[in-house]
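For reference, target-v2.txt (compact mmCIF, C-alpha atoms):
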```
# COMPACT_ATOMS: atom_id res chain seq x y z
CA MET L 37 -33.34 30.86 94.03
CA ALA L 38 -36.36 33.08 93.51
CA ASN L 39 -37.65 32.65 97.07
CA GLN L 40 -37.14 35.96 98.92
CA GLU L 41 -36.47 34.26 102.24
CA TRP L 42 -33.69 32.27 100.53
CA ASN L 43 -32.16 35.41 99.05
CA ASP L 44 -32.27 37.30 102.34
CA ILE L 45 -28.99 35.63 103.23
CA ASP L 46 -27.27 38.30 101.09
CA LYS L 47 -28.52 41.09 103.34
CA PHE L 48 -25.31 41.33 105.33
CA THR L 49 -22.51 43.71 106.19
CA PRO L 50 -19.30 42.68 104.39
CA PRO L 51 -16.11 42.49 106.48
CA ASN L 52 -13.89 45.53 106.20
CA GLU L 53 -11.13 44.89 108.73
CA GLN L 54 -7.72 45.44 107.19
CA PHE L 55 -5.06 42.73 107.34
CA TYR L 56 -1.51 42.21 106.18
CA CYS L 57 -1.32 38.95 104.22
CA ALA L 58 1.53 37.03 102.67
CA PHE L 59 1.23 34.31 100.05
CA LEU L 60 4.34 32.15 99.58
CA ASP L 61 4.92 29.44 97.01
CA ILE L 62 7.62 26.78 97.47
CA LEU L 63 9.43 26.45 94.16
CA GLY L 64 10.16 23.01 92.75
CA TYR L 65 7.74 21.40 95.19
CA LYS L 66 6.50 18.78 92.72
CA ASP L 67 10.01 17.45 92.17
CA LYS L 68 10.75 17.42 95.91
CA SER L 69 7.43 15.67 96.59
CA GLU L 70 8.21 12.94 94.07
CA LYS L 71 11.64 12.43 95.66
CA TYR L 72 9.99 12.29 99.08
CA PHE L 73 7.69 9.42 98.13
CA ALA L 74 10.62 7.71 96.40
CA GLY L 75 12.58 7.81 99.66
CA LYS L 76 15.27 10.16 98.30
CA TYR L 77 14.46 13.48 100.00
CA ASN L 78 12.79 13.84 103.40
CA LEU L 79 10.54 16.76 102.46
CA HIS L 80 8.48 16.58 105.66
CA ALA L 81 11.44 16.49 108.06
CA ARG L 82 13.28 19.24 106.18
CA PHE L 83 10.19 21.44 106.15
CA GLU L 84 9.62 20.80 109.84
CA ARG L 85 13.25 21.62 110.67
CA ALA L 86 13.04 24.92 108.81
CA LEU L 87 9.73 25.78 110.47
CA ASN L 88 11.06 24.97 113.94
CA HIS L 89 14.08 27.24 113.49
CA ALA L 90 11.95 30.04 112.05
CA THR L 91 9.36 29.70 114.80
CA LEU L 92 12.03 29.88 117.48
CA LEU L 93 13.35 33.15 116.07
CA HIS L 94 9.78 34.36 115.64
CA ASP L 95 9.06 33.64 119.31
CA LEU L 96 12.18 35.57 120.33
CA THR L 97 10.92 38.51 118.26
CA GLY L 98 7.71 38.28 120.28
CA LEU L 99 9.66 39.36 123.36
CA PHE L 100 10.02 42.83 121.82
CA VAL L 101 6.98 43.22 119.56
CA ASP L 102 3.54 41.62 119.64
CA THR L 103 3.47 38.81 117.08
CA SER L 104 0.71 36.82 118.80
CA LYS L 105 -1.98 37.62 116.23
CA ILE L 106 -0.16 36.13 113.25
CA LYS L 107 -1.82 33.08 111.70
CA ILE L 108 0.16 30.69 109.51
CA LYS L 109 -1.41 28.04 107.29
CA PHE L 110 0.37 25.47 105.12
CA PHE L 111 -1.09 23.39 102.32
CA SER L 112 0.88 21.57 99.63
CA ASP L 113 3.36 24.08 98.16
CA SER L 114 1.66 27.18 99.58
CA ILE L 115 2.10 29.12 102.82
CA ILE L 116 -0.34 31.82 103.97
CA LEU L 117 0.38 34.33 106.75
CA SER L 118 -2.09 36.91 108.03
CA THR L 119 -2.35 39.44 110.85
CA PRO L 120 -4.62 42.44 111.59
CA CYS L 121 -3.20 45.87 110.81
CA ASN L 122 -5.45 47.94 113.07
CA VAL L 123 -4.24 50.50 115.58
CA GLU L 124 -4.17 47.92 118.37
CA ASN L 125 -1.75 45.77 116.36
CA GLN L 126 0.90 48.19 115.14
CA ASP L 127 3.48 45.40 115.23
CA GLY L 128 1.59 43.36 112.62
CA ILE L 129 3.71 44.20 109.60
CA TYR L 130 6.90 43.63 111.60
CA GLY L 131 5.79 40.13 112.52
CA ILE L 132 4.79 39.22 108.96
CA VAL L 133 8.06 40.47 107.44
CA GLN L 134 10.19 38.91 110.17
CA MET L 135 8.50 35.52 109.83
CA CYS L 136 8.75 35.55 106.03
CA LYS L 137 12.42 36.50 106.30
CA THR L 138 13.38 33.76 108.75
CA LEU L 139 11.20 31.07 107.19
CA SER L 140 12.43 31.70 103.64
CA ALA L 141 16.03 31.73 104.88
CA HIS L 142 15.75 28.43 106.72
CA LEU L 143 13.83 26.80 103.89
CA SER L 144 16.70 27.79 101.59
CA PHE L 145 19.04 25.78 103.85
CA GLU L 146 16.90 22.80 102.85
CA SER L 147 17.11 23.65 99.12
CA LEU L 148 13.53 24.89 99.28
CA TRP L 149 13.27 28.42 97.92
CA VAL L 150 10.11 30.47 98.08
CA ARG L 151 8.55 33.12 95.92
CA GLY L 152 5.85 35.32 97.33
CA GLY L 153 4.06 38.58 97.93
CA ILE L 154 2.88 40.65 100.90
CA SER L 155 -0.09 43.00 100.62
CA ILE L 156 -2.80 44.75 102.62
CA GLY L 157 -6.57 44.78 102.36
CA SER L 158 -9.89 43.39 103.61
CA HIS L 159 -9.69 39.85 104.92
CA ILE L 160 -11.83 37.32 106.78
CA GLU L 161 -10.69 33.99 108.16
CA CYS L 162 -13.09 31.62 109.96
CA ASP L 163 -11.87 28.40 111.50
CA GLU L 164 -14.00 28.00 114.62
CA LYS L 165 -13.37 24.75 116.49
CA ASN L 166 -16.97 23.60 116.15
CA LEU L 167 -16.78 23.67 112.34
CA ARG L 168 -15.40 20.91 110.16
CA TYR L 169 -13.93 23.35 107.68
CA SER L 170 -12.15 26.69 107.50
CA PHE L 171 -13.08 29.67 105.35
CA ILE L 172 -10.81 32.38 103.97
CA SER L 173 -11.79 35.23 101.68
CA SER L 174 -9.33 38.03 101.24
CA ILE L 175 -8.60 41.01 99.02
CA ALA L 176 -5.17 41.24 100.68
CA LEU L 177 -4.42 37.60 99.91
CA GLN L 178 -5.54 37.96 96.30
CA GLN L 179 -3.19 40.89 95.84
CA ALA L 180 -0.34 39.00 97.52
CA TYR L 181 -0.99 36.03 95.24
CA LEU L 182 -0.85 38.27 92.15
CA LEU L 183 2.49 39.66 93.31
CA GLU L 184 3.79 36.10 93.71
CA SER L 185 2.40 34.65 90.50
CA LYS L 186 2.67 37.57 88.07
CA GLN L 187 5.54 39.75 89.25
CA ALA L 188 7.99 38.01 91.58
CA LYS L 189 9.17 35.38 89.02
CA THR L 190 12.41 34.65 90.92
CA PRO L 191 12.82 33.34 94.53
CA ARG L 192 11.96 36.61 96.27
CA ILE L 193 9.07 37.87 98.38
CA LEU L 194 7.77 41.14 96.98
CA ILE L 195 6.17 43.81 99.16
CA ASP L 196 3.20 45.76 97.84
CA GLU L 197 4.20 49.36 97.22
CA LYS L 198 1.21 50.45 99.34
CA ILE L 199 3.01 49.03 102.37
CA ILE L 200 6.48 50.50 101.87
CA ASN L 201 5.62 53.89 103.38
CA GLN L 202 4.02 52.15 106.38
CA LEU L 203 7.15 50.23 107.34
CA PRO L 204 8.59 51.08 110.76
CA GLU L 205 12.20 52.25 110.75
CA GLN L 206 13.50 49.06 112.37
CA LEU L 207 12.18 47.03 109.42
CA LYS L 208 13.73 49.03 106.59
CA PRO L 209 17.18 47.36 106.80
CA TYR L 210 15.42 44.08 106.02
CA ILE L 211 14.10 45.34 102.68
CA ALA L 212 16.08 45.34 99.44
CA LYS L 213 15.29 46.60 95.95
CA GLU L 214 15.76 45.10 92.53
CA ASP L 215 15.16 47.88 90.04
CA GLN L 216 11.85 49.30 91.33
CA ASP L 217 10.64 46.20 93.18
CA HIS L 218 10.94 45.93 96.96
CA PHE L 219 11.54 42.47 98.42
CA ILE L 220 12.47 40.89 101.73
CA HIS L 221 16.25 40.85 102.17
CA PHE L 222 16.62 37.34 103.62
CA ALA L 223 20.26 36.61 102.69
CA PRO L 224 21.79 38.28 105.82
CA GLN L 225 20.00 35.56 107.78
CA LEU L 226 22.35 33.15 105.98
CA ILE L 227 25.45 35.24 105.34
CA ASN L 228 27.26 36.51 108.41
CA GLN L 229 28.14 40.13 107.72
CA ASN L 230 31.30 39.80 109.82
CA GLY L 231 32.56 37.16 107.43
CA GLU L 232 32.44 34.37 110.01
CA ASN L 233 30.84 31.76 107.74
CA GLN L 234 32.42 32.52 104.37
CA ASP L 235 33.51 28.92 103.80
CA ALA L 236 30.00 27.61 104.42
CA VAL L 237 28.47 30.24 102.12
CA LEU L 238 30.98 29.38 99.41
CA GLN L 239 30.09 25.70 99.65
CA GLU L 240 26.39 26.55 99.49
CA MET L 241 26.90 28.64 96.35
CA ILE L 242 28.96 25.89 94.72
CA GLU L 243 26.12 23.45 95.37
CA ILE L 244 23.60 25.88 93.87
CA TYR L 245 25.85 26.38 90.84
CA THR L 246 26.18 22.61 90.42
CA GLU L 247 22.41 22.23 90.61
CA LEU L 248 21.99 25.02 88.05
CA ASN L 249 24.14 23.12 85.58
CA THR L 250 21.99 20.00 85.91
CA GLN L 251 18.85 21.85 84.83
CA VAL L 252 17.52 21.84 81.28
CA ASP L 253 14.61 24.24 81.75
CA ASP L 254 15.66 27.86 81.11
CA GLY L 255 13.14 29.17 83.62
CA VAL L 256 14.52 26.98 86.39
CA LYS L 257 18.07 27.95 85.45
CA ALA L 258 17.15 31.62 85.72
CA LYS L 259 15.90 31.10 89.27
CA TYR L 260 19.14 29.44 90.38
CA GLN L 261 21.16 32.16 88.67
CA TRP L 262 19.13 34.82 90.45
CA ILE L 263 19.96 33.25 93.83
CA LEU L 264 23.67 33.26 93.00
CA ASP L 265 23.52 36.89 91.85
CA TYR L 266 21.59 37.92 94.96
CA TYR L 267 23.98 36.10 97.30
CA TYR L 268 27.00 37.60 95.52
CA TRP L 269 25.56 41.10 95.84
CA THR L 270 24.80 40.53 99.53
CA LEU L 271 28.38 39.40 100.13
CA SER L 272 29.68 42.50 98.35
CA THR L 273 27.82 44.83 100.74
CA SER L 274 30.10 43.83 103.64
CA GLU L 275 33.68 45.04 104.04
CA ASN L 276 34.44 41.92 106.07
CA ILE L 277 33.95 39.49 103.20
CA ASN L 278 36.88 38.29 101.07
CA MET L 279 35.24 38.67 97.67
CA ASP L 280 38.16 36.94 95.93
CA MET L 281 36.75 33.69 97.32
CA PHE L 282 33.58 34.24 95.31
CA SER L 283 35.08 35.57 92.05
CA GLN L 284 33.69 32.64 90.05
CA PHE L 285 30.17 33.95 90.72
CA LYS L 286 30.80 37.51 89.56
CA ARG L 287 28.93 38.38 86.38
CA ASP L 288 29.32 41.35 84.06
CA VAL L 289 25.55 41.57 83.71
CA ALA L 290 24.00 41.12 87.16
CA HIS L 291 20.70 42.04 88.73
CA ARG L 292 20.49 45.59 89.98
CA PHE L 293 20.10 45.28 93.73
CA SER L 294 20.20 47.98 96.39
CA LEU L 295 19.30 48.44 100.03
CA LEU L 296 16.21 50.35 101.06
CA GLN L 297 18.11 51.58 104.08
CA THR L 298 21.36 50.64 105.79
CA ARG L 299 21.46 49.70 109.45
CA ASN L 300 23.47 52.79 110.33
CA SER L 301 21.39 55.36 108.45
```

structure tokens encoding of this file:
Amino acid sequence: MANQEWNDIDKFTPPNEQFYCAFLDILGYKDKSEKYFAGKYNLHARFERALNHATLLHDLTGLFVDTSKIKIKFFSDSIILSTPCNVENQDGIYGIVQMCKTLSAHLSFESLWVRGGISIGSHIECDEKNLRYSFISSIALQQAYLLESKQAKTPRILIDEKIINQLPEQLKPYIAKEDQDHFIHFAPQLINQNGENQDAVLQEMIEIYTELNTQVDDGVKAKYQWILDYYYWTLSTSENINMDMFSQFKRDVAHRFSLLQTRNS
């Protein structure tokens, strides 16, 4: 409006505190939601079970690093995580990566795979108890969303290249690469590197392969195939795995995965 007093509201100092933010999208949510209301798939209970397991591991992490400032919000098929990245919260990126890793792993147990992005930038989040709404505006979240929607494509959580050089050493074993993209290496949360759950992993991959063959959409098929390729590569990185058990999943043309850093380096 033309009234100067009205326009004075824009005389303000914009927020400039830096945050790490993750935006995650649950793939195939519409189909799972329809099955939920048809009484064929308990979406709520499965989501809650995955969250409870991930939160338990997250709380255990909090014994060693400060994860208390992480906020997690869920709505429909989206999950948002945020935490300050100031000097007083040097553990922020560890908490975000660890939570994304454990949550995506346990959601995969429920046949709920996520695609996402993690970025850094200005962020404000207001949800005071005396308000009947919450407000989020975030450069970091916008960048994370673009990573998820434009670049990730397959069920992986990409990490903004601006963050890679900021990662503490203890986090680097949890990051993998596909070509030039860095993503959270969640499969070791599912695949015991000592080979102690090979039979269970094999059964899981057979179920994924069966589901792949029921799909008619090429884009959906590509996502299931990516999971199988990623799991197969993860299995191949351990000397304790009998790869003959998984020979049916070996492909001549596979995704080019690598580790950012091994645990022993």

May I ask for the distance between CA of Arg82 in chain L and CA of Glu146 in chain L, given in Å to one decimal place?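 Going from CA of Arg82 in chain L over to CA of Glu146 in chain L, I get 6.1 Å.
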
Rank nothing, just name the residue among L:Ser140, L:Asn43, L:Gln216, L:Ser104 nearest to Thr119 in chain L, using all atoms listed in the file.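 For Thr119 in chain L, the nearest of the candidates is L:Ser104.
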
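Of the residues under consideration (L:Arg151, L:His94, L:Arg287, L:Lys66), L:Arg151 shows the shortest atom-to-atom contact distance to Leu182 in chain L when counting all atoms listed in the file.
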
Under the rule that only C-alpha atoms are counted, which of L:Ile227, L:Ile116, L:Gln284, L:Gly64 is the nearest residue to Gln178 in chain L?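 Selected residue with least distance to Gln178 in chain L: L:Ile116.
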
Interatomic distance, CA of Lys76 in chain L to CA of Asp254 in chain L (Å, one decimal):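 So the two atoms, CA of Lys76 in chain L and CA of Asp254 in chain L, lie 24.7 Å apart.
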
Looking at all atoms listed in the file, which of L:Ser294, L:Ser144, L:Gln179, L:Ser185 is the one that sits closest to Ser114 in chain L?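 Distance minimum relative to Ser114 in chain L lands on L:Ser185.
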
Contact residues around His221 in chain L with all atoms listed in the file at 7 Å, ignoring same-chain residues under 4 positions, as a ChimeraX atom specification: /L:210-212

Can you tell me which residues surround range 105-108 of chain L at a distance of at most 12 Å, considering only C-alpha atoms, apart from same-chain residues fewer than 4 positions away, and format the answer as a PyMOL selection string? chain L and resi 55-60+87+91+94-95+98+101+114-122+124-136+139+160-163+172
